[in-house]
file protein.pdb (PDB, C-alpha atoms and all ligand atoms)
ATOM      1  CA  MET A   1      80.360  65.535  25.305
ATOM      2  CA  GLY A   2      77.026  67.057  26.350
ATOM      3  CA  LEU A   3      75.022  70.116  25.353
ATOM      4  CA  LYS A   4      76.683  73.426  26.237
ATOM      5  CA  SER A   5      73.540  75.227  27.419
ATOM      6  CA  LYS A   6      71.180  74.172  30.220
ATOM      7  CA  ASP A   7      68.291  75.037  27.835
ATOM      8  CA  LEU A   8      67.138  74.312  24.289
ATOM      9  CA  LEU A   9      65.717  77.629  23.113
ATOM     10  CA  GLY A  10      66.436  77.511  19.395
ATOM     11  CA  ILE A  11      68.480  75.920  16.643
ATOM     12  CA  GLN A  12      70.713  78.909  15.893
ATOM     13  CA  VAL A  13      72.734  78.513  19.090
ATOM     14  CA  LEU A  14      73.414  74.782  18.551
ATOM     15  CA  SER A  15      76.689  73.695  16.952
ATOM     16  CA  VAL A  16      76.778  71.017  14.250
ATOM     17  CA  GLU A  17      78.381  68.673  16.817
ATOM     18  CA  GLU A  18      75.530  69.280  19.262
ATOM     19  CA  ILE A  19      72.933  68.584  16.548
ATOM     20  CA  ARG A  20      74.735  65.334  15.701
ATOM     21  CA  LEU A  21      74.844  64.404  19.407
ATOM     22  CA  ILE A  22      71.063  64.929  19.711
ATOM     23  CA  LEU A  23      70.350  62.892  16.547
ATOM     24  CA  ASP A  24      72.702  60.073  17.626
ATOM     25  CA  THR A  25      71.197  59.988  21.130
ATOM     26  CA  ALA A  26      67.715  59.864  19.582
ATOM     27  CA  ALA A  27      68.790  56.942  17.379
ATOM     28  CA  SER A  28      69.707  54.932  20.482
ATOM     29  CA  MET A  29      66.501  56.023  22.280
ATOM     30  CA  LYS A  30      64.233  54.990  19.396
ATOM     31  CA  GLU A  31      64.668  51.306  20.200
ATOM     32  CA  ILE A  32      62.772  51.756  23.496
ATOM     33  CA  ALA A  33      59.545  52.197  21.486
ATOM     34  CA  SER A  34      59.774  48.626  20.180
ATOM     35  CA  ARG A  35      60.095  47.024  23.636
ATOM     36  CA  ASP A  36      57.201  45.240  25.338
ATOM     37  CA  ILE A  37      57.887  47.252  28.475
ATOM     38  CA  LYS A  38      58.672  50.783  27.371
ATOM     39  CA  LYS A  39      60.417  52.002  30.484
ATOM     40  CA  VAL A  40      64.054  52.684  31.406
ATOM     41  CA  PRO A  41      65.190  54.260  34.681
ATOM     42  CA  ALA A  42      67.307  56.973  33.038
ATOM     43  CA  LEU A  43      65.397  59.941  34.520
ATOM     44  CA  ARG A  44      64.139  58.333  37.737
ATOM     45  CA  GLY A  45      63.707  61.054  40.353
ATOM     46  CA  LYS A  46      63.591  63.847  37.743
ATOM     47  CA  THR A  47      60.544  66.067  37.200
ATOM     48  CA  VAL A  48      59.370  67.424  33.849
ATOM     49  CA  ILE A  49      56.632  70.072  33.576
ATOM     50  CA  ASN A  50      54.800  70.612  30.276
ATOM     51  CA  LEU A  51      53.528  74.210  30.244
ATOM     52  CA  PHE A  52      51.483  74.787  27.094
ATOM     53  CA  TYR A  53      49.877  78.179  26.474
ATOM     54  CA  GLU A  54      48.877  77.129  22.926
ATOM     55  CA  PRO A  55      47.111  73.985  21.660
ATOM     56  CA  SER A  56      49.220  70.945  20.770
ATOM     57  CA  THR A  57      48.665  67.271  20.064
ATOM     58  CA  ARG A  58      52.028  65.951  18.828
ATOM     59  CA  THR A  59      54.515  68.000  20.847
ATOM     60  CA  ARG A  60      52.788  67.899  24.223
ATOM     61  CA  THR A  61      51.866  64.218  24.039
ATOM     62  CA  SER A  62      55.295  63.128  22.844
ATOM     63  CA  PHE A  63      57.077  65.084  25.599
ATOM     64  CA  GLU A  64      54.771  63.413  28.129
ATOM     65  CA  ILE A  65      55.352  59.911  26.749
ATOM     66  CA  ALA A  66      59.102  60.546  26.335
ATOM     67  CA  GLY A  67      59.418  61.625  29.956
ATOM     68  CA  LYS A  68      57.375  58.683  31.215
ATOM     69  CA  TRP A  69      59.348  56.124  29.174
ATOM     70  CA  LEU A  70      62.501  57.530  30.804
ATOM     71  CA  SER A  71      60.849  57.206  34.280
ATOM     72  CA  ALA A  72      60.615  60.953  34.950
ATOM     73  CA  ASP A  73      57.603  62.346  36.785
ATOM     74  CA  VAL A  74      55.698  64.363  34.174
ATOM     75  CA  ILE A  75      53.184  67.074  35.023
ATOM     76  CA  ASN A  76      51.033  68.687  32.326
ATOM     77  CA  ILE A  77      49.723  72.186  32.880
ATOM     78  CA  SER A  78      46.931  73.328  30.631
ATOM     79  CA  THR A  79      46.799  77.099  30.956
ATOM     80  CA  SER A  80      43.002  77.115  30.575
ATOM     81  CA  SER A  81      42.680  75.303  33.916
ATOM     82  CA  SER A  82      45.578  77.055  35.683
ATOM     83  CA  SER A  83      45.952  80.377  37.481
ATOM     84  CA  VAL A  84      46.911  81.946  34.139
ATOM     85  CA  VAL A  85      43.172  82.524  33.636
ATOM     86  CA  LYS A  86      43.177  84.571  36.881
ATOM     87  CA  GLY A  87      45.773  86.875  35.361
ATOM     88  CA  GLU A  88      49.028  85.339  36.610
ATOM     89  CA  SER A  89      51.963  86.515  34.511
ATOM     90  CA  LEU A  90      54.453  84.229  32.778
ATOM     91  CA  LYS A  91      57.141  85.414  35.204
ATOM     92  CA  ASP A  92      55.040  84.578  38.267
ATOM     93  CA  THR A  93      53.922  81.263  36.810
ATOM     94  CA  GLY A  94      57.573  80.405  36.125
ATOM     95  CA  LEU A  95      58.757  81.388  39.609
ATOM     96  CA  THR A  96      55.866  79.435  41.154
ATOM     97  CA  LEU A  97      56.803  76.320  39.206
ATOM     98  CA  GLN A  98      60.494  76.771  40.062
ATOM     99  CA  SER A  99      59.589  76.576  43.769
ATOM    100  CA  MET A 100      58.420  73.002  43.106
ATOM    101  CA  HIS A 101      61.914  72.008  41.896
ATOM    102  CA  PRO A 102      61.308  70.786  38.337
ATOM    103  CA  ASP A 103      64.343  69.631  36.374
ATOM    104  CA  VAL A 104      62.886  70.528  32.962
ATOM    105  CA  VAL A 105      60.092  72.885  31.906
ATOM    106  CA  VAL A 106      58.798  72.468  28.350
ATOM    107  CA  ILE A 107      56.987  75.612  27.236
ATOM    108  CA  ARG A 108      54.871  76.539  24.222
ATOM    109  CA  HIS A 109      53.757  80.170  24.056
ATOM    110  CA  ALA A 110      52.319  82.529  21.447
ATOM    111  CA  VAL A 111      54.886  85.217  22.260
ATOM    112  CA  PRO A 112      58.345  84.932  20.684
ATOM    113  CA  GLY A 113      60.986  84.910  23.407
ATOM    114  CA  ALA A 114      58.734  83.557  26.182
ATOM    115  CA  PRO A 115      60.991  80.474  26.687
ATOM    116  CA  HIS A 116      64.034  82.766  26.814
ATOM    117  CA  LEU A 117      62.444  84.745  29.673
ATOM    118  CA  LEU A 118      61.849  81.547  31.657
ATOM    119  CA  ALA A 119      65.402  80.364  30.922
ATOM    120  CA  ARG A 120      66.788  83.530  32.548
ATOM    121  CA  LEU A 121      64.522  83.210  35.601
ATOM    122  CA  LEU A 122      64.553  79.479  36.338
ATOM    123  CA  LYS A 123      67.229  77.018  37.416
ATOM    124  CA  ALA A 124      65.355  74.271  35.534
ATOM    125  CA  SER A 125      66.260  73.476  31.927
ATOM    126  CA  ILE A 126      63.815  75.158  29.547
ATOM    127  CA  ILE A 127      62.826  73.534  26.251
ATOM    128  CA  ASN A 128      61.160  75.704  23.628
ATOM    129  CA  ALA A 129      58.176  73.751  22.270
ATOM    130  CA  GLY A 130      57.268  76.626  19.928
ATOM    131  CA  ASP A 131      57.282  80.378  20.582
ATOM    132  CA  GLY A 132      55.013  82.338  18.268
ATOM    133  CA  ALA A 133      56.386  82.480  14.726
ATOM    134  CA  HIS A 134      59.952  82.408  16.065
ATOM    135  CA  GLU A 135      61.304  78.843  16.552
ATOM    136  CA  HIS A 136      60.196  75.234  17.076
ATOM    137  CA  PRO A 137      63.583  73.582  17.570
ATOM    138  CA  THR A 138      62.412  70.097  18.569
ATOM    139  CA  GLN A 139      60.330  69.900  15.373
ATOM    140  CA  ALA A 140      63.368  70.765  13.231
ATOM    141  CA  LEU A 141      65.472  68.165  15.052
ATOM    142  CA  LEU A 142      62.880  65.420  14.530
ATOM    143  CA  ASP A 143      62.597  66.451  10.882
ATOM    144  CA  LEU A 144      66.385  66.170  10.417
ATOM    145  CA  PHE A 145      66.302  62.805  12.203
ATOM    146  CA  THR A 146      63.529  61.571   9.878
ATOM    147  CA  ILE A 147      65.419  62.691   6.768
ATOM    148  CA  ARG A 148      68.693  61.170   8.042
ATOM    149  CA  GLU A 149      67.030  57.776   8.550
ATOM    150  CA  ARG A 150      66.255  57.667   4.789
ATOM    151  CA  ARG A 151      69.165  59.769   3.445
ATOM    152  CA  PRO A 152      72.085  59.295   5.871
ATOM    153  CA  ALA A 153      74.330  61.944   4.237
ATOM    154  CA  LEU A 154      72.482  65.190   4.896
ATOM    155  CA  GLU A 155      75.055  67.440   3.259
ATOM    156  CA  GLY A 156      74.027  68.527  -0.232
ATOM    157  CA  LEU A 157      70.411  67.313   0.009
ATOM    158  CA  ARG A 158      67.869  69.640  -1.607
ATOM    159  CA  VAL A 159      64.735  70.535   0.345
ATOM    160  CA  ALA A 160      61.702  72.583  -0.733
ATOM    161  CA  ILE A 161      59.633  74.118   2.077
ATOM    162  CA  VAL A 162      56.247  75.168   0.672
ATOM    163  CA  GLY A 163      53.481  77.206   2.278
ATOM    164  CA  ASP A 164      53.076  79.899   4.898
ATOM    165  CA  ILE A 165      56.755  80.602   5.538
ATOM    166  CA  LEU A 166      56.033  84.009   7.094
ATOM    167  CA  HIS A 167      54.192  82.683  10.146
ATOM    168  CA  SER A 168      55.999  79.367  10.474
ATOM    169  CA  ARG A 169      58.325  78.688  13.397
ATOM    170  CA  VAL A 170      58.818  75.235  11.857
ATOM    171  CA  ALA A 171      60.157  76.799   8.650
ATOM    172  CA  ARG A 172      62.548  79.087  10.548
ATOM    173  CA  SER A 173      63.953  76.310  12.754
ATOM    174  CA  ASN A 174      64.237  73.944   9.799
ATOM    175  CA  ILE A 175      66.019  76.547   7.668
ATOM    176  CA  PHE A 176      68.545  77.141  10.476
ATOM    177  CA  ALA A 177      69.035  73.400  11.077
ATOM    178  CA  MET A 178      69.243  72.378   7.428
ATOM    179  CA  LYS A 179      71.673  75.163   6.506
ATOM    180  CA  LYS A 180      73.900  74.160   9.430
ATOM    181  CA  MET A 181      73.958  70.578   8.114
ATOM    182  CA  GLY A 182      74.958  71.739   4.622
ATOM    183  CA  MET A 183      71.592  71.190   2.942
ATOM    184  CA  GLN A 184      70.231  73.349   0.111
ATOM    185  CA  VAL A 185      66.913  74.936   1.060
ATOM    186  CA  ARG A 186      64.258  76.390  -1.234
ATOM    187  CA  VAL A 187      61.162  78.163   0.024
ATOM    188  CA  CYS A 188      57.944  78.660  -1.918
ATOM    189  CA  GLY A 189      54.617  80.332  -1.229
ATOM    190  CA  PRO A 190      52.490  83.336  -2.108
ATOM    191  CA  PRO A 191      54.594  86.536  -2.014
ATOM    192  CA  THR A 192      52.513  87.744   0.951
ATOM    193  CA  LEU A 193      53.492  84.636   2.948
ATOM    194  CA  LEU A 194      57.241  84.835   2.280
ATOM    195  CA  PRO A 195      59.210  87.081   4.661
ATOM    196  CA  ARG A 196      61.048  89.916   2.864
ATOM    197  CA  TYR A 197      64.314  88.892   4.514
ATOM    198  CA  VAL A 198      64.000  85.202   3.621
ATOM    199  CA  GLU A 199      66.862  85.104   1.096
ATOM    200  CA  SER A 200      69.210  86.548   3.716
ATOM    201  CA  LEU A 201      68.790  83.190   5.540
ATOM    202  CA  GLY A 202      70.675  81.532   2.659
ATOM    203  CA  VAL A 203      67.628  80.000   0.936
ATOM    204  CA  GLU A 204      66.348  80.261  -2.644
ATOM    205  CA  LYS A 205      62.894  81.796  -3.101
ATOM    206  CA  PHE A 206      60.324  80.401  -5.582
ATOM    207  CA  LEU A 207      56.806  81.565  -6.392
ATOM    208  CA  ARG A 208      55.819  78.468  -8.404
ATOM    209  CA  VAL A 209      55.583  75.091  -6.689
ATOM    210  CA  GLU A 210      56.537  73.117  -9.802
ATOM    211  CA  GLN A 211      59.856  74.956  -9.989
ATOM    212  CA  ALA A 212      60.483  74.690  -6.240
ATOM    213  CA  ILE A 213      59.927  70.921  -5.961
ATOM    214  CA  ALA A 214      61.657  69.850  -9.190
ATOM    215  CA  ASP A 215      64.751  67.759  -8.453
ATOM    216  CA  THR A 216      64.475  67.999  -4.643
ATOM    217  CA  ASP A 217      65.113  65.153  -2.197
ATOM    218  CA  VAL A 218      62.537  66.393   0.312
ATOM    219  CA  ILE A 219      59.309  68.385   0.028
ATOM    220  CA  MET A 220      58.065  69.865   3.285
ATOM    221  CA  MET A 221      54.512  71.215   3.136
ATOM    222  CA  LEU A 222      53.275  73.711   5.739
ATOM    223  CA  ARG A 223      49.770  74.646   6.730
ATOM    224  CA  ILE A 224      48.332  78.142   6.507
ATOM    225  CA  GLN A 225      48.539  79.562  10.053
ATOM    226  CA  ARG A 226      45.254  81.401  10.097
ATOM    227  CA  GLU A 227      45.571  81.923  13.861
ATOM    228  CA  ARG A 228      48.646  84.131  13.306
ATOM    229  CA  MET A 229      47.549  86.179  10.287
ATOM    230  CA  GLY A 230      45.347  89.179   9.645
ATOM    231  CA  ALA A 231      42.912  89.258   6.739
ATOM    232  CA  GLY A 232      43.867  89.576   3.110
ATOM    233  CA  LEU A 233      47.163  87.696   2.785
ATOM    234  CA  PHE A 234      45.681  85.382   0.157
ATOM    235  CA  PRO A 235      42.281  85.322  -1.604
ATOM    236  CA  THR A 236      40.680  81.980  -0.640
ATOM    237  CA  LEU A 237      41.749  78.565   0.618
ATOM    238  CA  ARG A 238      40.472  77.102  -2.649
ATOM    239  CA  GLU A 239      42.692  79.356  -4.724
ATOM    240  CA  TYR A 240      45.634  78.748  -2.378
ATOM    241  CA  SER A 241      45.159  75.004  -2.786
ATOM    242  CA  LYS A 242      45.003  75.324  -6.563
ATOM    243  CA  LEU A 243      48.217  77.322  -6.746
ATOM    244  CA  PHE A 244      50.298  75.836  -3.922
ATOM    245  CA  GLY A 245      48.715  72.554  -2.771
ATOM    246  CA  LEU A 246      50.662  69.327  -3.287
ATOM    247  CA  ASN A 247      48.588  66.862  -5.289
ATOM    248  CA  VAL A 248      49.314  63.797  -7.385
ATOM    249  CA  ASP A 249      49.481  65.790 -10.622
ATOM    250  CA  ARG A 250      51.934  68.296  -9.253
ATOM    251  CA  LEU A 251      54.108  65.515  -7.836
ATOM    252  CA  LYS A 252      54.839  64.307 -11.389
ATOM    253  CA  VAL A 253      57.597  66.919 -11.667
ATOM    254  CA  ALA A 254      59.252  65.685  -8.443
ATOM    255  CA  ARG A 255      61.855  62.930  -8.148
ATOM    256  CA  PRO A 256      60.246  59.482  -7.936
ATOM    257  CA  ASP A 257      61.893  58.826  -4.539
ATOM    258  CA  VAL A 258      61.154  62.229  -2.997
ATOM    259  CA  LEU A 259      60.361  62.287   0.741
ATOM    260  CA  ILE A 260      57.175  64.183   1.590
ATOM    261  CA  MET A 261      56.981  65.776   5.005
ATOM    262  CA  HIS A 262      54.569  67.906   7.000
ATOM    263  CA  PRO A 263      54.914  68.868  10.676
ATOM    264  CA  GLY A 264      51.151  68.582  11.219
ATOM    265  CA  PRO A 265      48.413  69.256  11.843
ATOM    266  CA  ILE A 266      47.599  68.797   8.158
ATOM    267  CA  ASN A 267      44.668  70.372   6.356
ATOM    268  CA  ARG A 268      43.709  67.667   3.889
ATOM    269  CA  GLY A 269      42.734  69.065   0.527
ATOM    270  CA  VAL A 270      44.269  72.475   1.257
ATOM    271  CA  GLU A 271      48.094  72.319   1.322
ATOM    272  CA  ILE A 272      48.252  68.554   0.743
ATOM    273  CA  ALA A 273      45.918  66.157  -1.057
ATOM    274  CA  PRO A 274      44.796  63.083   0.929
ATOM    275  CA  GLU A 275      46.371  60.706  -1.653
ATOM    276  CA  VAL A 276      49.738  62.421  -1.139
ATOM    277  CA  ALA A 277      49.480  62.615   2.667
ATOM    278  CA  ASP A 278      48.646  58.888   2.810
ATOM    279  CA  GLY A 279      50.872  57.907  -0.112
ATOM    280  CA  PRO A 280      54.009  55.768  -0.205
ATOM    281  CA  TYR A 281      56.478  58.657   0.080
ATOM    282  CA  SER A 282      54.748  60.365   2.972
ATOM    283  CA  MET A 283      56.924  60.650   6.095
ATOM    284  CA  ILE A 284      54.230  62.377   8.144
ATOM    285  CA  LEU A 285      53.643  59.586  10.657
ATOM    286  CA  ASP A 286      57.371  58.749  10.754
ATOM    287  CA  GLN A 287      57.895  62.363  11.849
ATOM    288  CA  VAL A 288      55.412  61.894  14.689
ATOM    289  CA  GLU A 289      57.066  58.642  15.793
ATOM    290  CA  ASN A 290      60.526  60.191  15.634
ATOM    291  CA  GLY A 291      59.313  63.065  17.800
ATOM    292  CA  LEU A 292      59.325  60.604  20.699
ATOM    293  CA  ALA A 293      62.970  59.648  20.135
ATOM    294  CA  ILE A 294      64.126  63.258  19.759
ATOM    295  CA  ARG A 295      62.249  64.381  22.863
ATOM    296  CA  MET A 296      63.591  61.438  24.899
ATOM    297  CA  ALA A 297      67.087  62.411  23.753
ATOM    298  CA  LEU A 298      66.614  66.051  24.737
ATOM    299  CA  LEU A 299      65.127  65.272  28.146
ATOM    300  CA  TYR A 300      67.971  62.821  28.751
ATOM    301  CA  LEU A 301      70.727  65.224  27.653
ATOM    302  CA  LEU A 302      69.321  68.248  29.502
ATOM    303  CA  ALA A 303      68.207  66.536  32.715
ATOM    304  CA  GLY A 304      71.531  64.720  33.110
ATOM    305  CA  GLY A 305      70.138  61.225  33.005
ATOM    306  CA  GLN A 306      71.909  57.943  33.707
ATOM    307  CA  ALA A 307      72.678  55.375  30.968
ATOM    308  CA  ALA A 308      69.393  54.727  29.194
ATOM    309  CA  ASN A 309      69.901  51.129  28.083
ATOM    310  CA  ASN A 310      69.552  49.413  31.457
TER     311      ASN A 310
HETATM  312  N1  LIG B 401      54.004  69.889  14.780
HETATM  313  C1  LIG B 401      53.454  70.319  15.931
HETATM  314  O1  LIG B 401      54.048  71.135  16.658
HETATM  315  O2  LIG B 401      52.238  69.775  16.208
HETATM  316  P1  LIG B 401      51.358  70.097  17.517
HETATM  317  O3  LIG B 401      50.914  71.540  17.382
HETATM  318  O4  LIG B 401      50.229  69.121  17.478
HETATM  319  O5  LIG B 401      52.247  69.931  18.708
END
call {"tool": "encode", "arguments": {"input": "protein.pdb", "output": "structure tokens"}}
result
Amino acid sequence: MGLKSKDLLGIQVLSVEEIRLILDTAASMKEIASRDIKKVPALRGKTVINLFYEPSTRTRTSFEIAGKWLSADVINISTSSSSVVKGESLKDTGLTLQSMHPDVVVIRHAVPGAPHLLARLLKASIINAGDGAHEHPTQALLDLFTIRERRPALEGLRVAIVGDILHSRVARSNIFAMKKMGMQVRVCGPPTLLPRYVESLGVEKFLRVEQAIADTDVIMMLRIQRERMGAGLFPTLREYSKLFGLNVDRLKVARPDVLIMHPGPINRGVEIAPEVADGPYSMILDQVENGLAIRMALLYLLAGGQAANN
């Protein structure tokens, strides 16, 4: 069995079987990271283009490393040094890249639906690396993978997602993914940062962190996305931190074995205290490491690679 679509545009269109296939493929890919020579010929002769219209550290770097470990040729396009600054449209950039015969184009863009446009225009597989506040499917998959490593039975797990839910593509993709896997999802944040429709996604809404995180298996903290919001959605960062930040005191109401996650980049002392981010239950760097395995799995599954363990 493979993936049904040539593209990965979002979580909603994936079946539970496809999500399991991606997680299982990532589990077998993860071992490559522990080898002395981190290289398998699975994607030899394939070309991957990273096309990032928004800043990224984790996603862009891990797609580049993932492609290189699988022996693909990886090209990174930073839009600030491309013809985008001369006014070239997304459509024309996409068609130009298609003429160079890439097998996969990984795109991050501020406009929701930008990857979907490229998917219609290009023969190459398109991977959505984040489109505005819409979806960030590879983040949700690496988050599920990270949780499954520690809690193998995902069904029935309780997760609290805390922070700026309104502007978060990570929250949306995680809600879709977690609900598909039978997990119970709570969301918590200031009323102005919770979408009005959020309960229609099958999640419980909380306005107090202590209530949201009590008796959960996973706490996922999100940063305030100041780049996507107008003024006036909350008074000050200091007040936000006081009311919604995860600190050692607040953690006392959580289960002693709770997993603490954050997609990054973190704002230490705002949504998460340094002692919690660096503490024993923090999965933040595991998430980053697992991003490599998930992105290797996706490149492999979408680019039609050969057996990866030779
Ligand atoms: N989590 C995430 O998408 O991080 P980057 O913006 O650094 O890629």
call {"tool": "closest_atom_pairs", "arguments": {"input": "protein.pdb", "of": "region 74-180 of chain A", "to": "region 296-299 of chain A", "cutoff": "10 Å", "atoms": "all atoms listed in the file", "output": "tab-separated table"}}
result
residue	atom	partner	partner_atom	distance
A:Asp103	CA	A:Leu299	CA	9.3
A:Val104	CA	A:Leu299	CA	7.5
A:Val105	CA	A:Leu299	CA	9.9
A:Val106	CA	A:Leu299	CA	9.6
A:Ser125	CA	A:Leu299	CA	9.1
A:Ile127	CA	A:Leu298	CA	8.5
A:Thr138	CA	A:Leu298	CA	8.5
A:Leu141	CA	A:Leu298	CA	10.0
call {"tool": "resolve_selection", "arguments": {"input": "protein.pdb", "expression": "the PyMOL selection byres (((chain A and resi 90) around 10) and not hetatm)", "output": "number ranges by chain"}}
result
A: 53, 84, 87-89, 91-96, 109, 114-115, 117-118
call {"tool": "residues_near_ligand", "arguments": {"input": "protein.pdb", "ligand": "ligand LIG 401 (chain B)", "cutoff": "8 Å", "atoms": "all atoms listed in the file", "output": "list of chain:residue names"}}
result
A:Pro55, A:Ser56, A:Thr57, A:Arg58, A:Thr59, A:Arg60, A:Thr61, A:Ala129, A:Gly130, A:His136, A:Gln139, A:Val170, A:Pro263, A:Gly264, A:Pro265
call {"tool": "residues_near_point", "arguments": {"input": "protein.pdb", "point": "(60.6, 65.3, 27.5)", "cutoff": "12 Å", "atoms": "only C-alpha atoms", "output": "ChimeraX atom specification"}}
result
/A:8,26,43,46-51,59-76,103-107,125-129,138,291-303,305
call {"tool": "closest_residue", "arguments": {"input": "protein.pdb", "among": "A:Leu285, A:Val159, A:Val198, A:Leu193", "to": "Phe234 (chain A)", "atoms": "all atoms listed in the file"}}
result
A:Leu193
call {"tool": "resolve_selection", "arguments": {"input": "protein.pdb", "expression": "the PyMOL selection byres (((chain A and resi 250) around 12) and not hetatm)", "output": "VMD selection string"}}
result
chain A and resid 208 to 214 219 241 to 249 251 to 255 271 to 273 276
call {"tool": "atom_distance", "arguments": {"input": "protein.pdb", "atom1": "CA of Gln287 (chain A)", "atom2": "CA of Ala177 (chain A)"}}
result
15.7 Å
call {"tool": "atom_distance", "arguments": {"input": "protein.pdb", "atom1": "CA of Leu144 (chain A)", "atom2": "CA of Ser282 (chain A)"}}
result
15.0 Å
call {"tool": "atom_distance", "arguments": {"input": "protein.pdb", "atom1": "CA of Ser15 (chain A)", "atom2": "CA of Met183 (chain A)"}}
result
15.1 Å
call {"tool": "residues_near_point", "arguments": {"input": "protein.pdb", "point": "(69.5, 78.5, 15.1)", "cutoff": "10 Å", "atoms": "all atoms listed in the file", "output": "list in words"}}
result
Leu9, Gly10, Ile11, Gln12, Val13, Leu14, Ser15, Glu135, Pro137, Arg172, Ser173, Asn174, Ile175, Phe176, Ala177, Met178, Lys179 and Lys180 of chain A
call {"tool": "residues_around", "arguments": {"input": "protein.pdb", "residues": "Asp164 (chain A)", "least_positions_apart": "6", "cutoff": "8 Å", "atoms": "only C-alpha atoms", "output": "PyMOL selection string"}}
result
chain A and resi 189-190+193-194+222-225
call {"tool": "closest_residue", "arguments": {"input": "protein.pdb", "among": "A:Arg150, A:Arg35, A:His101, A:His262", "to": "Ala171 (chain A)", "atoms": "only C-alpha atoms"}}
result
A:His262
call {"tool": "build_atoms", "arguments": {"input": "protein.pdb", "residues": "region 189-194 of chain A", "atoms": "all heavy atoms", "output": "PDB file, in the coordinates of the input"}}
result
ATOM      1  N   GLY A 189      55.938  79.986  -1.746  1.00  0.00           N
ATOM      2  CA  GLY A 189      54.617  80.332  -1.229  1.00  0.00           C
ATOM      3  C   GLY A 189      54.149  81.595  -1.907  1.00  0.00           C
ATOM      4  O   GLY A 189      54.870  82.189  -2.727  1.00  0.00           O
ATOM      5  N   PRO A 190      52.944  82.045  -1.573  1.00  0.00           N
ATOM      6  CA  PRO A 190      52.490  83.336  -2.108  1.00  0.00           C
ATOM      7  C   PRO A 190      53.431  84.443  -1.622  1.00  0.00           C
ATOM      8  O   PRO A 190      53.928  84.355  -0.490  1.00  0.00           O
ATOM      9  CB  PRO A 190      51.097  83.509  -1.487  1.00  0.00           C
ATOM     10  CG  PRO A 190      50.731  82.192  -0.914  1.00  0.00           C
ATOM     11  CD  PRO A 190      51.976  81.436  -0.646  1.00  0.00           C
ATOM     12  N   PRO A 191      53.672  85.472  -2.436  1.00  0.00           N
ATOM     13  CA  PRO A 191      54.594  86.536  -2.014  1.00  0.00           C
ATOM     14  C   PRO A 191      54.235  87.118  -0.653  1.00  0.00           C
ATOM     15  O   PRO A 191      55.119  87.486   0.121  1.00  0.00           O
ATOM     16  CB  PRO A 191      54.439  87.593  -3.118  1.00  0.00           C
ATOM     17  CG  PRO A 191      53.885  86.867  -4.286  1.00  0.00           C
ATOM     18  CD  PRO A 191      53.125  85.693  -3.778  1.00  0.00           C
ATOM     19  N   THR A 192      52.927  87.169  -0.335  1.00  0.00           N
ATOM     20  CA  THR A 192      52.513  87.744   0.951  1.00  0.00           C
ATOM     21  C   THR A 192      52.845  86.834   2.131  1.00  0.00           C
ATOM     22  O   THR A 192      52.786  87.268   3.283  1.00  0.00           O
ATOM     23  CB  THR A 192      50.984  87.985   0.961  1.00  0.00           C
ATOM     24  OG1 THR A 192      50.346  86.797   0.466  1.00  0.00           O
ATOM     25  CG2 THR A 192      50.604  89.181   0.121  1.00  0.00           C
ATOM     26  N   LEU A 193      53.172  85.572   1.862  1.00  0.00           N
ATOM     27  CA  LEU A 193      53.492  84.636   2.948  1.00  0.00           C
ATOM     28  C   LEU A 193      54.969  84.236   2.954  1.00  0.00           C
ATOM     29  O   LEU A 193      55.353  83.235   3.569  1.00  0.00           O
ATOM     30  CB  LEU A 193      52.592  83.396   2.868  1.00  0.00           C
ATOM     31  CG  LEU A 193      51.090  83.672   3.062  1.00  0.00           C
ATOM     32  CD1 LEU A 193      50.287  82.387   2.976  1.00  0.00           C
ATOM     33  CD2 LEU A 193      50.827  84.378   4.393  1.00  0.00           C
ATOM     34  N   LEU A 194      55.787  85.023   2.237  1.00  0.00           N
ATOM     35  CA  LEU A 194      57.241  84.835   2.280  1.00  0.00           C
ATOM     36  C   LEU A 194      57.845  86.068   2.954  1.00  0.00           C
ATOM     37  O   LEU A 194      57.596  87.191   2.499  1.00  0.00           O
ATOM     38  CB  LEU A 194      57.811  84.704   0.863  1.00  0.00           C
ATOM     39  CG  LEU A 194      57.418  83.464   0.062  1.00  0.00           C
ATOM     40  CD1 LEU A 194      57.927  83.581  -1.372  1.00  0.00           C
ATOM     41  CD2 LEU A 194      57.956  82.202   0.713  1.00  0.00           C
TER      42      LEU A 194
END
